[in-house]
Structure formats: C-alpha cells, structure tokens
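A.B. asks: Following this line is target_9.cif, made up of mmCIF, C-alpha atoms:
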data_protein
loop_
_atom_site.label_atom_id
_atom_site.label_comp_id
_atom_site.auth_asym_id
_atom_site.auth_seq_id
_atom_site.Cartn_x
_atom_site.Cartn_y
_atom_site.Cartn_z
CA MET A 21 231.25 68.53 -37.54
CA SER A 22 234.96 67.86 -37.94
CA VAL A 23 236.52 64.82 -39.61
CA GLU A 24 237.77 63.73 -36.18
CA GLN A 25 234.23 63.86 -34.73
CA VAL A 26 232.86 61.80 -37.63
CA GLU A 27 235.59 59.19 -37.22
CA ALA A 28 234.98 59.01 -33.46
CA GLY A 29 231.27 58.48 -34.06
CA ALA A 30 231.98 55.73 -36.58
CA GLN A 31 234.22 53.96 -34.07
CA LYS A 32 231.39 53.95 -31.51
CA ALA A 33 228.71 52.72 -33.92
CA GLY A 34 227.11 49.38 -33.25
CA MET A 35 227.94 49.07 -29.56
CA GLU A 36 225.10 47.57 -27.52
CA VAL A 37 224.58 47.84 -23.77
CA ALA A 38 225.84 44.55 -22.32
CA VAL A 39 222.78 43.43 -20.35
CA TYR A 40 222.15 40.04 -21.98
CA LYS A 41 223.92 36.74 -21.45
CA ARG A 42 224.27 35.72 -25.07
CA LEU A 43 224.04 32.08 -26.16
CA GLY A 44 227.07 32.12 -28.42
CA VAL A 45 224.97 31.78 -31.58
CA GLU A 46 224.64 34.35 -34.37
CA LEU A 47 221.61 33.82 -36.60
CA ALA A 48 221.33 34.87 -40.21
CA ASP A 49 217.85 33.82 -41.31
CA GLY A 50 215.03 31.36 -40.80
CA VAL A 51 212.36 29.48 -42.68
CA GLY A 52 209.51 27.54 -41.12
CA CYS A 53 210.82 26.13 -37.84
CA VAL A 54 214.48 26.20 -38.85
CA VAL A 55 217.05 28.96 -38.35
CA HIS A 56 220.48 29.24 -39.94
CA THR A 57 223.61 30.55 -38.27
CA THR A 58 226.11 32.88 -39.91
CA ASP A 59 228.63 30.03 -39.93
CA GLY A 60 226.30 27.80 -41.94
CA ARG A 61 224.68 25.59 -39.33
CA GLU A 62 220.98 24.63 -39.37
CA LEU A 63 219.08 24.58 -36.08
CA ILE A 64 215.53 23.51 -35.31
CA ASP A 65 214.11 26.39 -33.30
CA PHE A 66 212.40 25.06 -30.19
CA TYR A 67 212.66 28.43 -28.44
CA GLY A 68 210.95 30.72 -30.94
CA GLY A 69 212.55 33.91 -29.64
CA HIS A 70 210.87 33.62 -26.22
CA ALA A 71 207.69 32.17 -27.77
CA VAL A 72 207.36 35.08 -30.22
CA ALA A 73 207.84 33.30 -33.57
CA ILE A 74 204.40 31.73 -33.22
CA LEU A 75 204.03 30.89 -36.93
CA GLY A 76 207.72 30.38 -37.61
CA TYR A 77 209.76 32.24 -40.20
CA ARG A 78 208.77 33.49 -43.68
CA HIS A 79 205.13 32.63 -43.05
CA ALA A 80 203.37 33.42 -46.31
CA GLY A 81 200.32 35.01 -44.69
CA LEU A 82 202.38 37.25 -42.44
CA LEU A 83 204.63 38.38 -45.28
CA ALA A 84 201.70 39.11 -47.58
CA ALA A 85 199.87 41.12 -44.92
CA LEU A 86 202.99 43.06 -43.97
CA ASN A 87 203.81 43.98 -47.57
CA ALA A 88 200.23 44.91 -48.43
CA GLN A 89 199.76 47.11 -45.37
CA ALA A 90 203.15 48.79 -45.78
CA THR A 91 202.17 50.01 -49.23
CA ARG A 92 198.72 51.11 -48.06
CA LEU A 93 199.27 52.90 -44.72
CA PHE A 94 202.45 52.44 -42.72
CA PHE A 95 201.31 54.33 -39.60
CA GLN A 96 198.54 56.50 -38.22
CA THR A 97 197.37 57.77 -34.86
CA ASN A 98 194.75 56.14 -32.65
CA LEU A 99 192.74 59.35 -33.01
CA VAL A 100 191.51 58.16 -36.40
CA ASP A 101 189.44 55.08 -37.25
CA LEU A 102 191.17 52.32 -39.21
CA ASP A 103 189.53 49.30 -40.79
CA VAL A 104 192.69 47.25 -40.18
CA ARG A 105 192.44 48.00 -36.45
CA ARG A 106 188.76 47.07 -36.33
CA ASP A 107 189.50 43.81 -38.15
CA ALA A 108 192.29 42.95 -35.71
CA ALA A 109 190.09 43.64 -32.68
CA ALA A 110 187.29 41.49 -34.11
CA ALA A 111 189.59 38.58 -35.00
CA LEU A 112 191.38 38.65 -31.64
CA THR A 113 188.35 38.99 -29.37
CA ALA A 114 186.64 36.20 -31.32
CA LEU A 115 189.23 33.90 -29.72
CA ALA A 116 188.50 35.11 -26.19
CA PRO A 117 186.22 33.26 -23.78
CA GLY A 118 182.92 34.43 -22.34
CA ASP A 119 181.87 38.06 -22.68
CA ILE A 120 185.33 39.45 -23.51
CA ASP A 121 184.74 41.49 -26.66
CA ARG A 122 186.88 44.66 -26.44
CA ALA A 123 190.57 45.17 -27.24
CA PHE A 124 193.03 47.91 -26.33
CA PHE A 125 196.19 47.51 -28.40
CA VAL A 126 199.65 48.28 -27.01
CA ASN A 127 203.24 47.37 -27.85
CA SER A 128 204.33 44.66 -25.42
CA GLY A 129 203.33 42.28 -22.68
CA ALA A 130 204.64 44.55 -19.95
CA GLU A 131 202.59 47.44 -21.32
CA ALA A 132 199.51 45.24 -21.52
CA ASN A 133 199.94 44.19 -17.88
CA GLU A 134 200.65 47.76 -16.81
CA ASN A 135 197.36 48.88 -18.33
CA ALA A 136 195.47 45.88 -16.95
CA LEU A 137 196.56 46.89 -13.45
CA ARG A 138 195.65 50.52 -14.13
CA VAL A 139 192.17 49.47 -15.24
CA ALA A 140 191.72 47.30 -12.15
CA PHE A 141 192.58 50.17 -9.82
CA ARG A 142 190.29 52.56 -11.70
CA VAL A 143 187.32 50.18 -11.87
CA THR A 144 187.47 48.99 -8.26
CA GLY A 145 188.83 52.07 -6.49
CA ARG A 146 191.04 49.77 -4.41
CA SER A 147 194.76 49.89 -3.62
CA ARG A 148 196.34 46.42 -3.46
CA VAL A 149 197.22 43.60 -5.87
CA ILE A 150 197.75 39.90 -5.23
CA CYS A 151 200.22 38.02 -7.39
CA LEU A 152 201.80 34.58 -7.23
CA GLU A 153 205.18 33.23 -6.28
CA GLY A 154 206.97 32.35 -9.50
CA GLY A 155 204.98 34.78 -11.66
CA TRP A 156 206.59 37.00 -14.29
CA HIS A 157 204.68 40.03 -15.60
CA GLY A 158 207.25 42.35 -17.18
CA ARG A 159 209.92 44.96 -16.49
CA THR A 160 207.93 48.20 -16.32
CA ALA A 161 207.26 49.71 -12.88
CA ALA A 162 203.84 48.25 -12.08
CA ALA A 163 204.33 44.96 -13.94
CA SER A 164 207.67 44.25 -12.31
CA ALA A 165 206.24 45.12 -8.89
CA CYS A 166 204.07 42.02 -9.42
CA THR A 167 206.95 39.91 -10.75
CA TYR A 168 208.41 37.34 -8.39
CA ASP A 169 212.00 37.84 -7.24
CA ALA A 170 212.40 41.11 -9.18
CA ALA A 171 214.37 42.86 -6.42
CA PRO A 172 217.84 42.33 -7.99
CA TRP A 173 216.89 44.27 -11.12
CA TYR A 174 213.80 46.31 -10.15
CA GLY A 175 215.77 49.55 -10.04
CA PHE A 176 213.04 51.88 -8.79
CA PRO A 177 213.24 53.17 -5.20
CA ARG A 178 209.79 51.84 -4.31
CA THR A 179 206.85 50.00 -5.80
CA PRO A 180 203.86 52.09 -6.92
CA PHE A 181 201.30 50.16 -4.85
CA ASP A 182 200.98 47.44 -2.23
CA VAL A 183 201.55 43.87 -3.41
CA THR A 184 200.84 40.59 -1.63
CA ARG A 185 202.34 37.35 -2.92
CA VAL A 186 200.85 33.96 -2.26
CA SER A 187 201.82 30.44 -3.23
CA ALA A 188 200.82 29.35 -6.70
CA SER A 189 198.86 26.42 -5.27
CA ASP A 190 197.48 27.62 -1.94
CA SER A 191 193.76 28.42 -2.20
CA ALA A 192 193.51 28.97 1.55
CA ALA A 193 196.26 31.59 1.48
CA MET A 194 194.55 33.28 -1.43
CA ALA A 195 191.26 33.37 0.46
CA ALA A 196 192.98 34.86 3.52
CA ALA A 197 194.76 37.56 1.51
CA LEU A 198 191.80 38.55 -0.67
CA ASP A 199 189.99 41.26 1.30
CA ASP A 200 188.18 44.42 0.22
CA SER A 201 191.45 46.32 -0.35
CA VAL A 202 192.40 44.08 -3.30
CA ALA A 203 191.82 45.52 -6.76
CA ALA A 204 193.04 42.47 -8.69
CA VAL A 205 194.71 39.10 -8.70
CA ILE A 206 197.17 38.78 -11.58
CA LEU A 207 198.47 35.36 -12.59
CA GLU A 208 199.86 33.32 -15.47
CA PRO A 209 197.83 30.11 -15.93
CA VAL A 210 201.13 28.54 -17.00
CA GLN A 211 204.13 30.31 -15.50
CA GLY A 212 206.61 30.67 -18.34
CA GLN A 213 209.77 32.12 -16.82
CA SER A 214 209.50 29.72 -13.88
CA GLY A 215 209.98 26.84 -16.30
CA ALA A 216 206.52 26.28 -17.82
CA LYS A 217 204.90 25.54 -14.48
CA ASP A 218 201.21 24.82 -15.12
CA LEU A 219 198.96 25.94 -12.30
CA ASP A 220 196.50 23.43 -10.92
CA LEU A 221 193.13 23.85 -12.62
CA SER A 222 191.25 23.62 -9.33
CA PHE A 223 193.36 26.49 -7.99
CA LEU A 224 192.45 28.65 -11.01
CA ARG A 225 188.77 27.89 -10.43
CA ALA A 226 189.09 28.78 -6.75
CA VAL A 227 190.75 32.11 -7.56
CA ARG A 228 187.97 32.93 -9.99
CA GLU A 229 185.32 32.19 -7.39
CA LEU A 230 187.11 34.21 -4.72
CA THR A 231 187.70 37.28 -6.87
CA ALA A 232 184.11 37.28 -8.08
CA ALA A 233 182.77 36.97 -4.54
CA ARG A 234 184.97 39.72 -3.14
CA GLY A 235 184.75 42.28 -5.91
CA ALA A 236 188.32 42.03 -7.22
CA LEU A 237 189.24 41.57 -10.88
CA LEU A 238 191.03 38.49 -12.18
CA ILE A 239 193.79 39.32 -14.67
CA ALA A 240 194.98 36.39 -16.79
CA ASP A 241 198.48 37.18 -17.99
CA GLU A 242 198.52 35.18 -21.22
CA VAL A 243 201.53 36.97 -22.71
CA GLN A 244 203.55 33.77 -22.97
CA CYS A 245 201.00 31.00 -22.44
CA GLY A 246 198.18 32.42 -24.57
CA LEU A 247 197.38 32.51 -28.28
CA GLY A 248 197.10 28.79 -28.83
CA ARG A 249 200.37 27.82 -27.20
CA THR A 250 198.80 25.42 -24.70
CA GLY A 251 196.32 23.99 -27.21
CA PHE A 252 193.64 26.44 -26.09
CA ASN A 253 193.14 29.94 -27.45
CA PHE A 254 193.98 31.13 -23.95
CA ALA A 255 195.50 28.85 -21.33
CA ILE A 256 192.99 29.71 -18.61
CA GLU A 257 190.25 28.09 -20.70
CA ALA A 258 191.60 24.68 -19.63
CA ALA A 259 190.05 25.42 -16.23
CA GLY A 260 186.77 26.57 -17.72
CA VAL A 261 187.45 30.03 -16.27
CA VAL A 262 186.57 33.40 -17.80
CA PRO A 263 188.77 36.15 -16.30
CA ASP A 264 187.89 39.84 -16.20
CA LEU A 265 190.97 40.92 -18.15
CA ILE A 266 193.34 39.07 -20.49
CA THR A 267 196.74 40.34 -21.58
CA ALA A 268 198.43 39.09 -24.74
CA ALA A 269 201.68 39.83 -26.58
CA LYS A 270 204.73 37.73 -27.56
CA GLY A 271 203.49 35.97 -30.73
CA LEU A 272 200.45 38.23 -31.14
CA ALA A 273 201.74 39.73 -34.39
CA GLY A 274 204.03 36.86 -35.37
CA GLY A 275 207.23 38.68 -34.36
CA PHE A 276 206.22 42.30 -34.93
CA PRO A 277 206.01 44.24 -31.62
CA ALA A 278 202.41 44.14 -30.39
CA GLY A 279 200.39 43.61 -27.25
CA ALA A 280 196.75 43.76 -26.26
CA LEU A 281 194.52 44.11 -23.24
CA LEU A 282 191.19 42.33 -23.68
CA MET A 283 188.10 43.05 -21.59
CA PRO A 284 184.29 42.86 -21.63
CA GLN A 285 182.10 45.88 -22.32
CA ARG A 286 181.03 45.98 -18.66
CA ILE A 287 184.61 47.07 -17.85
CA ALA A 288 185.36 48.98 -21.05
CA GLY A 289 182.24 51.05 -20.45
CA VAL A 290 183.69 52.42 -17.22
CA LEU A 291 186.65 53.93 -19.07
CA LYS A 292 186.50 57.36 -20.66
CA PRO A 293 188.70 59.15 -23.22
CA GLY A 294 192.14 59.76 -21.78
CA ASP A 295 192.08 56.90 -19.24
CA LEU A 296 194.36 54.80 -21.46
CA GLY A 297 196.69 55.78 -24.28
CA THR A 298 199.59 54.72 -26.47
CA THR A 299 201.41 56.11 -29.50
CA PHE A 300 202.39 53.00 -31.42
CA GLY A 301 199.95 50.43 -30.01
CA GLY A 302 197.27 49.60 -32.56
CA GLY A 303 199.38 50.74 -35.48
CA PRO A 304 198.26 49.47 -38.89
CA MET A 305 201.30 47.26 -39.52
CA ALA A 306 200.89 45.43 -36.22
CA CYS A 307 197.14 45.13 -36.64
CA ALA A 308 197.43 43.61 -40.11
CA LEU A 309 199.66 40.89 -38.65
CA ILE A 310 197.47 40.37 -35.57
CA SER A 311 194.57 39.53 -37.87
CA VAL A 312 196.64 36.89 -39.67
CA VAL A 313 197.74 35.27 -36.42
CA ALA A 314 194.24 35.27 -34.91
CA LYS A 315 192.61 33.86 -38.03
CA THR A 316 195.30 31.19 -38.32
CA LEU A 317 194.67 30.07 -34.75
CA ALA A 318 190.94 29.89 -35.49
CA ALA A 319 191.42 27.66 -38.54
CA PRO A 320 189.95 24.14 -38.19
CA GLY A 321 192.44 21.67 -36.76
CA PHE A 322 195.14 24.19 -35.85
CA LEU A 323 194.85 23.79 -32.09
CA ASP A 324 194.45 20.02 -32.51
CA HIS A 325 197.91 20.05 -34.06
CA VAL A 326 199.34 22.05 -31.15
CA ARG A 327 197.91 19.59 -28.64
CA ALA A 328 199.21 16.61 -30.63
CA MET A 329 202.75 18.01 -30.80
CA GLY A 330 202.66 18.78 -27.07
CA GLU A 331 201.60 15.22 -26.34
CA LEU A 332 204.37 13.88 -28.58
CA ILE A 333 206.99 15.88 -26.66
CA ARG A 334 205.70 14.42 -23.41
CA ALA A 335 205.67 10.91 -24.84
CA THR A 336 209.18 10.96 -26.35
CA CYS A 337 211.38 13.53 -24.60
CA LYS A 338 211.71 12.09 -21.10
CA THR A 339 215.10 10.72 -22.00
CA GLY A 340 218.78 11.48 -21.45
CA PRO A 341 219.03 14.24 -18.80
CA VAL A 342 215.26 14.86 -18.69
CA VAL A 343 213.73 13.52 -15.48
CA ARG A 344 210.31 15.18 -15.68
CA ILE A 345 208.19 17.19 -18.11
CA GLN A 346 205.79 19.94 -17.09
CA GLY A 347 203.70 22.61 -18.76
CA ARG A 348 200.90 22.37 -21.25
CA GLY A 349 200.78 22.07 -25.04
CA LEU A 350 203.80 23.71 -26.64
CA LEU A 351 204.82 25.60 -23.51
CA THR A 352 206.93 22.84 -22.02
CA GLY A 353 209.44 22.63 -19.21
CA LEU A 354 212.03 19.85 -19.42
CA VAL A 355 213.27 19.28 -15.86
CA LEU A 356 216.87 18.13 -16.03
CA SER A 357 219.18 16.11 -13.81
CA ARG A 358 221.90 18.72 -14.35
CA PRO A 359 222.15 22.44 -15.19
CA THR A 360 220.70 23.80 -18.41
CA LYS A 361 223.91 25.77 -19.01
CA ASP A 362 225.64 22.44 -19.63
CA VAL A 363 222.88 20.87 -21.73
CA ILE A 364 222.01 23.79 -24.03
CA PRO A 365 225.44 23.75 -25.79
CA GLU A 366 225.20 19.99 -26.27
CA LEU A 367 221.80 20.39 -27.92
CA LEU A 368 223.12 23.18 -30.14
CA GLU A 369 225.87 20.83 -31.31
CA ARG A 370 223.09 18.44 -32.37
CA GLY A 371 221.11 21.08 -34.25
CA ILE A 372 218.56 21.88 -31.53
CA PHE A 373 217.98 25.43 -30.26
CA VAL A 374 216.23 25.65 -26.88
CA GLY A 375 216.24 28.15 -24.03
CA GLY A 376 216.57 28.18 -20.30
CA SER A 377 214.28 29.57 -17.60
CA GLY A 378 214.41 31.13 -14.17
CA ASP A 379 215.13 27.65 -12.80
CA PRO A 380 218.72 26.61 -13.64
CA ASN A 381 217.63 23.01 -14.19
CA ILE A 382 214.63 23.58 -16.47
CA LEU A 383 214.79 23.96 -20.24
CA ARG A 384 211.88 25.76 -21.88
CA VAL A 385 210.58 24.34 -25.15
CA MET A 386 208.42 26.95 -26.95
CA PRO A 387 208.66 26.27 -30.68
CA PRO A 388 206.57 27.82 -33.43
CA LEU A 389 203.10 26.30 -33.28
CA ILE A 390 203.65 24.88 -36.77
CA ILE A 391 206.32 22.48 -35.45
CA GLU A 392 206.13 19.04 -37.06
CA GLU A 393 206.48 15.49 -35.82
CA ALA A 394 209.88 15.09 -37.50
CA HIS A 395 211.20 18.07 -35.54
CA VAL A 396 210.03 16.62 -32.24
CA ARG A 397 211.58 13.25 -33.07
CA LYS A 398 214.92 15.00 -33.66
CA LEU A 399 214.65 16.76 -30.30
CA ALA A 400 214.00 13.43 -28.57
CA ALA A 401 216.90 11.78 -30.40
CA ALA A 402 219.26 14.59 -29.45
CA LEU A 403 218.26 14.40 -25.79
CA ALA A 404 218.76 10.63 -25.81
CA GLU A 405 222.39 11.14 -26.89
CA ILE A 406 223.16 13.40 -23.91
CA ARG A 407 224.22 11.84 -20.63
CA ALA A 408 221.81 11.96 -17.71
#
Now, as a test, write the supplied structure out as structure tokens.
C.D. replies:
Amino acid sequence: MSVEQVEAGAQKAGMEVAVYKRLGVELADGVGCVVHTTDGRELIDFYGGHAVAILGYRHAGLLAALNAQATRLFFQTNLVDLDVRRDAAAALTALAPGDIDRAFFVNSGAEANENALRVAFRVTGRSRVICLEGGWHGRTAAASACTYDAAPWYGFPRTPFDVTRVSASDSAAMAAALDDSVAAVILEPVQGQSGAKDLDLSFLRAVRELTAARGALLIADEVQCGLGRTGFNFAIEAAGVVPDLITAAKGLAGGFPAGALLMPQRIAGVLKPGDLGTTFGGGPMACALISVVAKTLAAPGFLDHVRAMGELIRATCKTGPVVRIQGRGLLTGLVLSRPTKDVIPELLERGIFVGGSGDPNILRVMPPLIIEEAHVRKLAAALAEIRA
C-alpha cells in the first residue's frame, strides 16, 4: 500500500452513514442517572438510550459481572454448554408469567421478534399475522412487515408474509380478522414508539381469549415495555394475561447488546436442532449481564420503586406544555401543546435529557429504573418553566 493510499484511508476514517437526526448533544460519560457532555454540562437522563440503560451508568453489579466474565471466557459458540448461559436463562424465565420457562438468546429486539414470528409459523403451520396500528417491532424484514407505517423506510420489494392490521382498541375488528389462517397476533402491551400508548387491559384480555380459542399464538413484544419498566416484570401482566411468546431486549443486559425469545416447553418441544440459530446471541458476556439485570429486578422492593416513580411523574409533570400523561410506570408519554422539537432543546438547557416519539407532540420519558425522587422533581420544575 502506497503512502497516498494510507493518507486517503486516514482522511476517510470516522465517517458515519448519515441516517440519524442527531440531538445536538455529545456525551462523554455517565454515572447513575446522570450523563455529562463533552462541553461540561450535566444532564439527568430521562431517555436512557431508548430505554436501554435500565440500571443507569457505572452500575457496580454490571461492571463486576462484565469484568469477571471477560477474564474467564469472552466468547464461545452455542454448540457448547455454558453455566453462565444456564444461569441467565434461569434468572430471566423466573421473571416470566405462567408456564414460560425456556429462553432462546439473540442480539436485539428485532431479532427476537423475527424468531418469534418464525416459531409461530412453524408451530401453527399458518400463513398470516395480525398486528396493531401504532405498533413497532423492529427493522428486519419480518419484524418491520408488522411495524405500523414502515413503508417509507421498509426498503424490501415485498413483505415475506400476509399481514393484517387492526386498531389497537377494537376487539370486534380483532375477532373478525382472526380466522384459521392466522399464525399469531403480535402486539406491544404499551406501544413505545407511538408515544408510550398503553393498551386497554380489557382489549389485551380479549386478544388472549380470541387467540386461544382460534389456535393462534399471542406474541407479547416486551422489547421496550418489559423488564420492570411498567412496574411489572412484563407489561402484559397488568392484564393478568400469559402470552405464548415474549420478546425482550433493550435493557436486557444493561446496555450490552442482547435479546431473548421466551416460551413454554409446550412450544419449545416442537422445535428441533437447526430450527433457530444465532452466532452471537447467548454469548457469555451478554449472559453474565442478563443475570445481573434479572436478579436486580427480582430484588424485594425494586418494582415498588418503579411504580412509585411512575406515579410521581404523573402527579407532578402535568405542567408547562404538558396537557396529558399516558403510559405505565417508567414508560411515559408526555403529550404536549406544541411540538417536541421545540421543547426538547428547552429541557436540555435546563439539564433534562428526554426523547421524542413517532408522534411529533409526545415526549417519551424512559429513565433508568433507579431514577430518584429528586430527579423527577427537577423534571417537573423544568417543565413548569417552559411556556405552554
């Protein structure tokens, strides 16, 4: 390689594909629920990297597990047994409702949903999926086929299977659409990208009854709303519903890439070697962190704290431009009287980092689950200073 080629390569280094609308903030580090910018500002993180920083930053348990596992076994294939993988599966499925006691580890929420759909087709032998208006399930081919309003970015020439969308509150429409061609209904119990829209609990119960009666599987996409974020281990538990499949990701490993598909043995037993697969899913580093997250969620009082902080947000943050609050627990949508693009910078000026949603007038509040009362009070005070 010539000197000219080396210099040309150096000039190109560091260039990213420009597919994100950046927020105009460059972060340097974080501790607890606070992040610091490269220009020295301190921000309370109420966005958590799209709900990923579930236990905040520099969490002692996560750091200890990561360091210990890195020095023991950094990576190995799924073709060998690992105690760290067994421990993660046991800790995670212990959080799941009903008879769900098996885990298939992957790398992301989209991959988890992709495999959930694959399992539904294989188990039922059917060809169609029902999803909901407003639902978001990922950017891979099958997951994005079930994602509402994905046409502008879908990119593939066609969807891989037939999809029917129904209203997120219309039990009658669901009943009419759910015939013997439907392999699965996939839904988020709280729709994150739509602005933390919590589905009516009676609707969730109706969908469970309909799918059970008509031989379709119910997939609870808990990628954003699961893992304690709503004050329940999984959001669908608020309705007293046990789905057939649960998908999880986002904060599953505290910020390390990880996802999981959870299922009962009655479904897992249908699968045979080769039906599912992944290279990096279930890696020892991710699994060590999954165990920490799952065991932290199971600790006495942890979910009580999440519920209390969610209630405090609802009690104090309907102020300034906020006209209504929706969602559940610490997956909260602040419905504004004016666009989020105008309010987000004003909150940043006051030391508050929040994010938008698919709705231009809804802010999403998804902080680490260890958020404290003082942080919420500062959010409320900042909102109160902003004009309605």
A.B. asks: Could you list, as a PyMOL selection string, every residue within 10 Å of Asn135 (chain A), counting all atoms listed in the file and ignoring same-chain residues fewer than 5 positions away?
C.D. replies: chain A and resi 124+126+129-130+140-141+162-163+267+280-281+295-297
A.B. asks: Report as a VMD selection string the full result of the PyMOL selection byres ((chain A and resi 62-70) around 6) when it is applied to this structure.
C.D. replies: chain A and resid 53 to 56 61 71 to 73 371 to 375 385 to 388
A.B. asks: Grab the residues selected above and save them as a JSON list (two decimals), in the coordinates of the input with C-alpha atoms.
C.D. replies:
[["chain", "number", "residue", "atom", "x", "y", "z"],
["A", 53, "CYS", "CA", 210.82, 26.13, -37.84],
["A", 54, "VAL", "CA", 214.48, 26.20, -38.85],
["A", 55, "VAL", "CA", 217.05, 28.96, -38.35],
["A", 56, "HIS", "CA", 220.48, 29.24, -39.94],
["A", 61, "ARG", "CA", 224.68, 25.59, -39.33],
["A", 71, "ALA", "CA", 207.69, 32.17, -27.77],
["A", 72, "VAL", "CA", 207.36, 35.08, -30.22],
["A", 73, "ALA", "CA", 207.84, 33.30, -33.57],
["A", 371, "GLY", "CA", 221.11, 21.08, -34.25],
["A", 372, "ILE", "CA", 218.56, 21.88, -31.53],
["A", 373, "PHE", "CA", 217.98, 25.43, -30.26],
["A", 374, "VAL", "CA", 216.23, 25.65, -26.88],
["A", 375, "GLY", "CA", 216.24, 28.15, -24.03],
["A", 385, "VAL", "CA", 210.58, 24.34, -25.15],
["A", 386, "MET", "CA", 208.42, 26.95, -26.95],
["A", 387, "PRO", "CA", 208.66, 26.27, -30.68],
["A", 388, "PRO", "CA", 206.57, 27.82, -33.43]]
A.B. asks: Suppose a student applies the PyMOL selection byres ((chain A and resi 112-117) around 8) to this structure; what residues should they get, written as a ChimeraX atom specification?
C.D. replies: /A:108-111,118-123,253-254,257,262,282,310-311,314,318
A.B. asks: Which value, in Å to one decimal, gives the distance between CA of Glu405 (chain A) and CA of Val363 (chain A)?
C.D. replies: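 Answer for the CA of Glu405 (chain A) to CA of Val363 (chain A) separation: 11.0 Å.
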A.B. asks: Measuring atom to atom with only C-alpha atoms, identify which of A:Pro209, A:Gly347, A:Gly60, A:Gly52 is nearest to Leu75 (chain A).
C.D. replies: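 Checking each of A:Pro209, A:Gly347, A:Gly60, A:Gly52 against Leu75 (chain A), counting only C-alpha atoms, the winner is A:Gly52.
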A.B. asks: Taking the file as shown, find all residues satisfying the PyMOL selection byres ((chain A and resi 408) around 10) and write them as a ChimeraX atom specification.
C.D. replies: /A:339-343,356-358,363,403-407
A.B. asks: Of the candidates A:Ala203, A:Ala171, A:Ala136, A:Ala197, which shows the shortest atom-to-atom distance to Leu265 (chain A), using all atoms listed in the file?
C.D. replies: A:Ala136
A.B. asks: Residues near region 329-335 of chain A, anyone? I mean within 9 Å using only C-alpha atoms, not counting same-chain ones fewer than 5 positions away, as an mmCIF file with C-alpha atoms, in the frame of the given file.
C.D. replies:
data_model
loop_
_atom_site.group_PDB
_atom_site.id
_atom_site.type_symbol
_atom_site.label_atom_id
_atom_site.label_comp_id
_atom_site.auth_asym_id
_atom_site.auth_seq_id
_atom_site.Cartn_x
_atom_site.Cartn_y
_atom_site.Cartn_z
ATOM 1 C CA THR A 250 198.800 25.420 -24.700
ATOM 2 C CA GLY A 251 196.320 23.990 -27.210
ATOM 3 C CA ASP A 324 194.450 20.020 -32.510
ATOM 4 C CA ILE A 345 208.190 17.190 -18.110
ATOM 5 C CA GLN A 346 205.790 19.940 -17.090
ATOM 6 C CA ARG A 348 200.900 22.370 -21.250
ATOM 7 C CA GLY A 349 200.780 22.070 -25.040
ATOM 8 C CA LEU A 350 203.800 23.710 -26.640
ATOM 9 C CA LEU A 351 204.820 25.600 -23.510
ATOM 10 C CA THR A 352 206.930 22.840 -22.020
ATOM 11 C CA LEU A 389 203.100 26.300 -33.280
ATOM 12 C CA ILE A 391 206.320 22.480 -35.450
ATOM 13 C CA GLU A 392 206.130 19.040 -37.060
ATOM 14 C CA GLU A 393 206.480 15.490 -35.820
ATOM 15 C CA VAL A 396 210.030 16.620 -32.240
ATOM 16 C CA ARG A 397 211.580 13.250 -33.070
ATOM 17 C CA LEU A 399 214.650 16.760 -30.300
ATOM 18 C CA ALA A 400 214.000 13.430 -28.570
#
A.B. asks: How far is it from CA of Val205 (chain A) to CA of Leu237 (chain A), in Å with one decimal?
C.D. replies: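 Atom-to-atom, CA of Val205 (chain A) to CA of Leu237 (chain A), that is 6.4 Å.
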A.B. asks: Restricting the calculation to all atoms listed in the file: of A:Ser191, A:Ser222, A:Thr167, A:Asn381, which residue gets closest to Gly155 (chain A)?
C.D. replies: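 Among the listed residues, A:Thr167 lies closest to Gly155 (chain A).
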A.B. asks: When you draw a straight line from CA of Arg138 (chain A) to CA of Gly175 (chain A), how long is it in Å?
C.D. replies: 20.6 Å
A.B. asks: Excluding same-chain residues fewer than 3 positions from Gly294 (chain A), what lies within 12 Å of it counting all atoms listed in the file, as a ChimeraX atom specification?
C.D. replies: /A:98-99,291,297-298
A.B. asks: Using all atoms listed in the file for the distances, tell me which of A:Met283, A:Phe300, A:Gly246, A:Gly215 is nearest to Gln96 (chain A).
C.D. replies: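 Distance minimum relative to Gln96 (chain A) lands on A:Phe300.
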